[in-house]
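Text of the file my_file-v4.cif, holding mmCIF, C-alpha atoms, pLDDT in the B column; chains and numbers go by the auth columns:
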```
data_final
#
loop_
_atom_site.group_PDB
_atom_site.id
_atom_site.type_symbol
_atom_site.label_atom_id
_atom_site.label_comp_id
_atom_site.label_asym_id
_atom_site.label_seq_id
_atom_site.Cartn_x
_atom_site.Cartn_y
_atom_site.Cartn_z
_atom_site.B_iso_or_equiv
_atom_site.auth_seq_id
_atom_site.auth_asym_id
ATOM 1 C CA MET A 1 19.147 201.323 -124.393 60.00 1 A
ATOM 2 C CA LYS A 2 17.960 203.239 -121.327 67.00 2 A
ATOM 3 C CA ARG A 3 15.223 200.688 -120.819 68.00 3 A
ATOM 4 C CA TRP A 4 17.795 197.832 -120.517 64.00 4 A
ATOM 5 C CA ILE A 5 19.772 199.790 -117.947 71.00 5 A
ATOM 6 C CA MET A 6 16.637 200.144 -115.833 69.00 6 A
ATOM 7 C CA VAL A 7 15.665 196.441 -116.173 68.00 7 A
ATOM 8 C CA LEU A 8 19.159 195.065 -115.457 68.00 8 A
ATOM 9 C CA PRO A 9 19.085 195.639 -111.655 69.00 9 A
ATOM 10 C CA LEU A 10 15.689 193.930 -111.439 67.00 10 A
ATOM 11 C CA ALA A 11 16.933 190.935 -113.457 62.00 11 A
ATOM 12 C CA LEU A 12 20.028 190.616 -111.255 63.00 12 A
ATOM 13 C CA PHE A 13 17.905 190.821 -108.116 64.00 13 A
ATOM 14 C CA LEU A 14 15.590 188.072 -109.370 62.00 14 A
ATOM 15 C CA LEU A 15 18.537 185.842 -110.268 63.00 15 A
ATOM 16 C CA VAL A 16 20.073 186.227 -106.796 61.00 16 A
ATOM 17 C CA ALA A 17 16.659 185.670 -105.167 58.00 17 A
ATOM 18 C CA VAL A 18 16.247 182.349 -107.017 61.00 18 A
ATOM 19 C CA PHE A 19 19.653 181.105 -105.773 59.00 19 A
ATOM 20 C CA LEU A 20 18.914 182.182 -102.206 60.00 20 A
ATOM 21 C CA TYR A 21 15.472 180.554 -102.293 60.00 21 A
ATOM 22 C CA ARG A 22 17.012 177.287 -103.540 64.00 22 A
ATOM 23 C CA GLY A 23 19.543 177.428 -100.683 54.00 23 A
ATOM 24 C CA LEU A 24 16.738 177.346 -98.117 62.00 24 A
ATOM 25 C CA TYR A 25 16.015 173.734 -99.060 57.00 25 A
ATOM 26 C CA LEU A 26 19.549 172.352 -99.077 54.00 26 A
ATOM 27 C CA ASN A 27 20.635 170.040 -96.263 50.00 27 A
ATOM 28 C CA PRO A 28 23.904 171.324 -94.713 52.00 28 A
ATOM 29 C CA SER A 29 24.817 167.805 -93.531 45.00 29 A
ATOM 30 C CA GLU A 30 24.944 166.677 -97.161 51.00 30 A
ATOM 31 C CA LEU A 31 28.011 168.603 -98.225 50.00 31 A
ATOM 32 C CA PRO A 32 29.405 167.063 -101.376 59.00 32 A
ATOM 33 C CA SER A 33 32.700 165.260 -101.063 69.00 33 A
ATOM 34 C CA ALA A 34 35.119 164.611 -103.885 79.00 34 A
ATOM 35 C CA MET A 35 36.374 161.639 -101.834 88.00 35 A
ATOM 36 C CA ILE A 36 33.273 159.457 -102.291 94.00 36 A
ATOM 37 C CA GLY A 37 34.304 156.335 -104.191 95.00 37 A
ATOM 38 C CA LYS A 38 38.011 157.017 -103.672 97.00 38 A
ATOM 39 C CA PRO A 39 40.471 155.243 -101.365 97.00 39 A
ATOM 40 C CA PHE A 40 41.001 156.685 -97.911 98.00 40 A
ATOM 41 C CA PRO A 41 44.120 158.891 -98.170 97.00 41 A
ATOM 42 C CA GLU A 42 47.529 157.517 -97.273 98.00 42 A
ATOM 43 C CA PHE A 43 48.860 158.735 -93.923 98.00 43 A
ATOM 44 C CA ALA A 44 51.404 157.878 -91.238 98.00 44 A
ATOM 45 C CA LEU A 45 50.427 159.520 -87.957 98.00 45 A
ATOM 46 C CA PRO A 46 50.742 158.588 -84.278 98.00 46 A
ATOM 47 C CA ALA A 47 47.913 156.999 -82.330 98.00 47 A
ATOM 48 C CA VAL A 48 46.252 159.087 -79.630 98.00 48 A
ATOM 49 C CA GLN A 49 46.964 156.348 -77.102 95.00 49 A
ATOM 50 C CA GLY A 50 50.411 154.779 -77.078 91.00 50 A
ATOM 51 C CA GLY A 51 51.908 156.811 -79.893 82.00 51 A
ATOM 52 C CA LYS A 52 52.271 153.847 -82.313 97.00 52 A
ATOM 53 C CA THR A 53 52.369 155.049 -85.927 98.00 53 A
ATOM 54 C CA LEU A 54 49.120 154.258 -87.705 98.00 54 A
ATOM 55 C CA THR A 55 48.671 154.095 -91.482 98.00 55 A
ATOM 56 C CA ARG A 56 45.886 153.588 -93.980 98.00 56 A
ATOM 57 C CA ALA A 57 46.612 149.851 -93.864 98.00 57 A
ATOM 58 C CA ASP A 58 45.431 149.780 -90.227 98.00 58 A
ATOM 59 C CA LEU A 59 41.940 150.801 -91.380 97.00 59 A
ATOM 60 C CA LEU A 60 41.524 147.982 -93.896 97.00 60 A
ATOM 61 C CA GLY A 61 39.703 144.692 -93.490 96.00 61 A
ATOM 62 C CA LYS A 62 36.188 145.553 -92.336 97.00 62 A
ATOM 63 C CA PRO A 63 33.671 148.320 -93.012 98.00 63 A
ATOM 64 C CA ALA A 64 33.913 151.110 -90.440 98.00 64 A
ATOM 65 C CA LEU A 65 32.888 154.590 -89.464 98.00 65 A
ATOM 66 C CA VAL A 66 35.791 157.043 -89.386 98.00 66 A
ATOM 67 C CA ASN A 67 34.826 159.846 -87.026 98.00 67 A
ATOM 68 C CA VAL A 68 36.629 163.204 -87.030 98.00 68 A
ATOM 69 C CA TRP A 69 36.466 164.676 -83.535 98.00 69 A
ATOM 70 C CA GLY A 70 38.138 167.107 -81.151 97.00 70 A
ATOM 71 C CA THR A 71 37.909 168.045 -77.501 97.00 71 A
ATOM 72 C CA TRP A 72 37.353 171.657 -78.601 97.00 72 A
ATOM 73 C CA CYS A 73 34.224 170.590 -80.512 96.00 73 A
ATOM 74 C CA ILE A 74 31.019 171.121 -78.525 96.00 74 A
ATOM 75 C CA SER A 75 28.980 169.022 -80.965 97.00 75 A
ATOM 76 C CA CYS A 76 31.430 166.138 -80.513 97.00 76 A
ATOM 77 C CA ARG A 77 30.504 166.027 -76.823 96.00 77 A
ATOM 78 C CA VAL A 78 26.851 165.620 -77.813 97.00 78 A
ATOM 79 C CA GLU A 79 27.709 162.878 -80.320 97.00 79 A
ATOM 80 C CA HIS A 80 30.123 160.903 -78.141 98.00 80 A
ATOM 81 C CA PRO A 81 27.578 158.928 -76.041 98.00 81 A
ATOM 82 C CA VAL A 82 25.912 157.711 -79.256 98.00 82 A
ATOM 83 C CA LEU A 83 29.292 156.558 -80.612 98.00 83 A
ATOM 84 C CA ASN A 84 29.927 154.691 -77.346 98.00 84 A
ATOM 85 C CA LYS A 85 26.559 152.957 -77.660 98.00 85 A
ATOM 86 C CA LEU A 86 27.233 152.019 -81.307 98.00 86 A
ATOM 87 C CA ALA A 87 30.648 150.613 -80.398 98.00 87 A
ATOM 88 C CA GLU A 88 29.017 148.507 -77.662 98.00 88 A
ATOM 89 C CA GLN A 89 26.632 147.140 -80.319 97.00 89 A
ATOM 90 C CA GLY A 90 29.587 146.057 -82.462 97.00 90 A
ATOM 91 C CA VAL A 91 29.877 148.950 -84.906 98.00 91 A
ATOM 92 C CA LEU A 92 33.531 149.391 -85.859 98.00 92 A
ATOM 93 C CA ILE A 93 34.575 153.014 -85.321 98.00 93 A
ATOM 94 C CA TYR A 94 37.947 154.630 -85.977 98.00 94 A
ATOM 95 C CA GLY A 95 38.717 158.125 -84.749 98.00 95 A
ATOM 96 C CA ILE A 96 40.690 161.034 -86.095 98.00 96 A
ATOM 97 C CA ASN A 97 41.480 163.476 -83.309 98.00 97 A
ATOM 98 C CA TYR A 98 41.586 166.636 -85.397 98.00 98 A
ATOM 99 C CA LYS A 99 43.750 169.689 -84.608 97.00 99 A
ATOM 100 C CA ASP A 100 43.764 168.900 -80.909 97.00 100 A
ATOM 101 C CA ASP A 101 46.096 168.634 -77.931 96.00 101 A
ATOM 102 C CA ASN A 102 46.847 164.970 -77.244 97.00 102 A
ATOM 103 C CA ALA A 103 46.776 165.395 -73.450 97.00 103 A
ATOM 104 C CA ALA A 104 43.274 166.862 -73.734 97.00 104 A
ATOM 105 C CA ALA A 105 42.230 163.966 -76.000 97.00 105 A
ATOM 106 C CA LEU A 106 43.506 161.392 -73.510 97.00 106 A
ATOM 107 C CA LYS A 107 41.662 163.133 -70.671 97.00 107 A
ATOM 108 C CA TRP A 108 38.457 163.236 -72.774 97.00 108 A
ATOM 109 C CA LEU A 109 38.640 159.519 -73.578 97.00 109 A
ATOM 110 C CA GLY A 110 39.288 158.735 -69.904 96.00 110 A
ATOM 111 C CA GLU A 111 36.247 160.715 -68.808 97.00 111 A
ATOM 112 C CA PHE A 112 33.790 159.907 -71.591 96.00 112 A
ATOM 113 C CA HIS A 113 35.018 156.422 -72.626 96.00 113 A
ATOM 114 C CA ASN A 114 36.618 155.388 -75.887 97.00 114 A
ATOM 115 C CA PRO A 115 34.438 154.088 -78.732 98.00 115 A
ATOM 116 C CA TYR A 116 37.365 153.980 -81.173 98.00 116 A
ATOM 117 C CA GLN A 117 39.199 150.788 -82.172 97.00 117 A
ATOM 118 C CA LEU A 118 41.992 153.011 -83.510 97.00 118 A
ATOM 119 C CA ASN A 119 42.388 156.705 -82.926 98.00 119 A
ATOM 120 C CA VAL A 120 44.669 158.759 -85.173 98.00 120 A
ATOM 121 C CA ARG A 121 46.342 161.896 -83.825 98.00 121 A
ATOM 122 C CA ASP A 122 46.050 164.583 -86.542 98.00 122 A
ATOM 123 C CA GLU A 123 47.417 167.557 -84.636 97.00 123 A
ATOM 124 C CA GLN A 124 48.396 169.538 -87.743 97.00 124 A
ATOM 125 C CA GLY A 125 45.195 168.680 -89.615 96.00 125 A
ATOM 126 C CA THR A 126 46.985 167.177 -92.635 97.00 126 A
ATOM 127 C CA LEU A 127 44.820 164.049 -92.802 98.00 127 A
ATOM 128 C CA GLY A 128 41.721 166.165 -92.314 96.00 128 A
ATOM 129 C CA LEU A 129 42.833 168.425 -95.150 96.00 129 A
ATOM 130 C CA ASN A 130 43.362 165.416 -97.427 96.00 130 A
ATOM 131 C CA LEU A 131 39.862 164.200 -96.554 96.00 131 A
ATOM 132 C CA GLY A 132 38.305 167.596 -97.239 94.00 132 A
ATOM 133 C CA VAL A 133 37.198 168.049 -93.628 94.00 133 A
ATOM 134 C CA TYR A 134 35.386 171.312 -92.914 89.00 134 A
ATOM 135 C CA GLY A 135 35.368 170.856 -89.138 90.00 135 A
ATOM 136 C CA ALA A 136 34.183 168.394 -86.551 96.00 136 A
ATOM 137 C CA PRO A 137 32.251 166.233 -86.203 97.00 137 A
ATOM 138 C CA GLU A 138 32.390 164.646 -89.617 97.00 138 A
ATOM 139 C CA THR A 139 32.077 160.929 -90.223 97.00 139 A
ATOM 140 C CA PHE A 140 33.149 158.859 -93.203 97.00 140 A
ATOM 141 C CA LEU A 141 31.824 155.394 -93.956 98.00 141 A
ATOM 142 C CA ILE A 142 34.516 153.179 -95.491 98.00 142 A
ATOM 143 C CA ASP A 143 34.280 149.677 -96.866 97.00 143 A
ATOM 144 C CA GLY A 144 36.680 146.843 -96.007 96.00 144 A
ATOM 145 C CA LYS A 145 39.034 147.896 -98.808 97.00 145 A
ATOM 146 C CA GLY A 146 39.288 151.420 -97.415 97.00 146 A
ATOM 147 C CA VAL A 147 37.149 153.082 -100.077 97.00 147 A
ATOM 148 C CA ILE A 148 35.071 156.017 -98.834 97.00 148 A
ATOM 149 C CA ARG A 149 31.403 155.247 -99.487 97.00 149 A
ATOM 150 C CA HIS A 150 29.628 158.055 -97.620 96.00 150 A
ATOM 151 C CA LYS A 151 30.322 161.254 -95.707 96.00 151 A
ATOM 152 C CA PHE A 152 28.120 162.714 -92.993 96.00 152 A
ATOM 153 C CA VAL A 153 28.694 166.210 -91.627 95.00 153 A
ATOM 154 C CA GLY A 154 27.289 166.932 -88.175 95.00 154 A
ATOM 155 C CA VAL A 155 26.269 165.103 -85.042 97.00 155 A
ATOM 156 C CA ILE A 156 25.355 161.442 -85.306 98.00 156 A
ATOM 157 C CA ASP A 157 22.437 160.993 -82.961 97.00 157 A
ATOM 158 C CA GLU A 158 20.040 158.055 -82.638 97.00 158 A
ATOM 159 C CA THR A 159 17.806 159.358 -85.431 97.00 159 A
ATOM 160 C CA VAL A 160 20.634 160.011 -87.867 97.00 160 A
ATOM 161 C CA TRP A 161 22.048 156.552 -87.187 98.00 161 A
ATOM 162 C CA ARG A 162 18.708 154.801 -87.593 97.00 162 A
ATOM 163 C CA GLU A 163 17.428 156.762 -90.609 96.00 163 A
ATOM 164 C CA GLN A 164 20.610 157.487 -92.573 95.00 164 A
ATOM 165 C CA LEU A 165 23.714 155.556 -91.583 97.00 165 A
ATOM 166 C CA ALA A 166 22.724 152.181 -90.119 97.00 166 A
ATOM 167 C CA GLY A 167 21.436 150.841 -93.421 97.00 167 A
ATOM 168 C CA LEU A 168 24.521 151.993 -95.309 97.00 168 A
ATOM 169 C CA TYR A 169 26.822 150.468 -92.709 97.00 169 A
ATOM 170 C CA GLN A 170 24.903 147.182 -92.594 97.00 170 A
ATOM 171 C CA GLY A 171 24.925 147.020 -96.383 96.00 171 A
ATOM 172 C CA LEU A 172 28.725 147.224 -96.403 96.00 172 A
ATOM 173 C CA VAL A 173 28.958 144.610 -93.645 95.00 173 A
ATOM 174 C CA ASP A 174 26.708 142.285 -95.660 93.00 174 A
ATOM 175 C CA GLU A 175 28.785 142.876 -98.828 91.00 175 A
ATOM 176 C CA ALA A 176 31.971 141.975 -96.946 86.00 176 A
ATOM 177 C CA ARG A 177 30.631 138.582 -95.828 84.00 177 A
ATOM 178 C CA PRO A 178 32.032 135.645 -97.848 78.00 178 A
#
```
Rewrite the structure from the file as structure tokens, please.
Amino acid sequence: MKRWIMVLPLALFLLVAVFLYRGLYLNPSELPSAMIGKPFPEFALPAVQGGKTLTRADLLGKPALVNVWGTWCISCRVEHPVLNKLAEQGVLIYGINYKDDNAAALKWLGEFHNPYQLNVRDEQGTLGLNLGVYGAPETFLIDGKGVIRHKFVGVIDETVWREQLAGLYQGLVDEARP
């Protein structure tokens, strides 16, 4: 019995060490999402510009990136020029201004340009909560029916777009063609 008591701490240490070692090789941008394969959540929130009420129905019709952003988010500032370039190339991007002050969002878009076809004002974070958002930036890829097909956590830069997201987006665009 005494022998088991002495071996138990070593066994627990080894078990914890295995889990920590495995964690070294996980990609933090690949956080699992329970929303993959499910419809984008229903919402009725004002637009950042103009204040018109936007709903899930406004996002339907074509595949799109749905980018969660905020003026308080330093990484979003890094990502924004890439989103502008993608929008210029014809990539459809919707925005969710997450837990932010609308005046600050309007100033940001005036200074750094607006890549978003629609931009939802989620000041209380309710839509973000329904999407399972951890923070910003996070980007969802939706198909034309509004079903979430992919989630990316982190900054979309040229490499991420080229190596991870462009093919997924183009695949959805090709699927949507008659």
Exercise for the section: List the residues matched by the PyMOL selection byres ((chain A and resi 161) around 12) in the displayed structure as a PyMOL selection string, ordered by chain and then by residue number. Expected result: chain A and resi 65+79+82-83+85-86+91+139+141+152+154-160+162-170
Problem - Separation of CA of Tyr116 in chain A from CA of Tyr98 in chain A, in Å and rounded to one decimal - result: 14.0 Å
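Across A:Arg121, A:His150, A:Lys99, A:His113, the tightest approach to Gly135 in chain A is made by A:Lys99 when counting only C-alpha atoms.
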Handout entry: Residues matched by the PyMOL selection byres ((chain A and resi 129) around 12) as an MDAnalysis selection string
Key = chainID A and resid 35 41 43 68 96 98:99 122:128 130:135
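Here CA of Ala64 in chain A stands at a distance of 22.5 Å from CA of Asp100 in chain A.
Here the PyMOL selection byres ((chain A and resi 102) around 12) captures the residues A:Pro46, A:Ala47, A:Val48, A:Gln49, A:Gly50, A:Gly51, A:Gly70, A:Thr71, A:Trp72, A:Ile96, A:Asn97, A:Tyr98, A:Lys99, A:Asp100, A:Asp101, A:Ala103, A:Ala104, A:Ala105, A:Leu106, A:Lys107, A:Trp108, A:Leu109, A:Asn119, A:Val120, A:Arg121, A:Asp122, A:Glu123, A:Gln124.
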Keeping C-alpha atoms, export the residues of the selection given above as a PDB file, in the frame of the given file.
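What follows is the written file out-v6.pdb:
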```pdb
ATOM      1  CA  PRO A  46      50.742 158.588 -84.278  1.00 98.00           C
ATOM      2  CA  ALA A  47      47.913 156.999 -82.330  1.00 98.00           C
ATOM      3  CA  VAL A  48      46.252 159.087 -79.630  1.00 98.00           C
ATOM      4  CA  GLN A  49      46.964 156.348 -77.102  1.00 95.00           C
ATOM      5  CA  GLY A  50      50.411 154.779 -77.078  1.00 91.00           C
ATOM      6  CA  GLY A  51      51.908 156.811 -79.893  1.00 82.00           C
ATOM      7  CA  GLY A  70      38.138 167.107 -81.151  1.00 97.00           C
ATOM      8  CA  THR A  71      37.909 168.045 -77.501  1.00 97.00           C
ATOM      9  CA  TRP A  72      37.353 171.657 -78.601  1.00 97.00           C
ATOM     10  CA  ILE A  96      40.690 161.034 -86.095  1.00 98.00           C
ATOM     11  CA  ASN A  97      41.480 163.476 -83.309  1.00 98.00           C
ATOM     12  CA  TYR A  98      41.586 166.636 -85.397  1.00 98.00           C
ATOM     13  CA  LYS A  99      43.750 169.689 -84.608  1.00 97.00           C
ATOM     14  CA  ASP A 100      43.764 168.900 -80.909  1.00 97.00           C
ATOM     15  CA  ASP A 101      46.096 168.634 -77.931  1.00 96.00           C
ATOM     16  CA  ALA A 103      46.776 165.395 -73.450  1.00 97.00           C
ATOM     17  CA  ALA A 104      43.274 166.862 -73.734  1.00 97.00           C
ATOM     18  CA  ALA A 105      42.230 163.966 -76.000  1.00 97.00           C
ATOM     19  CA  LEU A 106      43.506 161.392 -73.510  1.00 97.00           C
ATOM     20  CA  LYS A 107      41.662 163.133 -70.671  1.00 97.00           C
ATOM     21  CA  TRP A 108      38.457 163.236 -72.774  1.00 97.00           C
ATOM     22  CA  LEU A 109      38.640 159.519 -73.578  1.00 97.00           C
ATOM     23  CA  ASN A 119      42.388 156.705 -82.926  1.00 98.00           C
ATOM     24  CA  VAL A 120      44.669 158.759 -85.173  1.00 98.00           C
ATOM     25  CA  ARG A 121      46.342 161.896 -83.825  1.00 98.00           C
ATOM     26  CA  ASP A 122      46.050 164.583 -86.542  1.00 98.00           C
ATOM     27  CA  GLU A 123      47.417 167.557 -84.636  1.00 97.00           C
ATOM     28  CA  GLN A 124      48.396 169.538 -87.743  1.00 97.00           C
TER      29      GLN A 124
END
```
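Distance-wise, CA of Gly61 in chain A and CA of Ala136 in chain A end up 25.3 Å apart.
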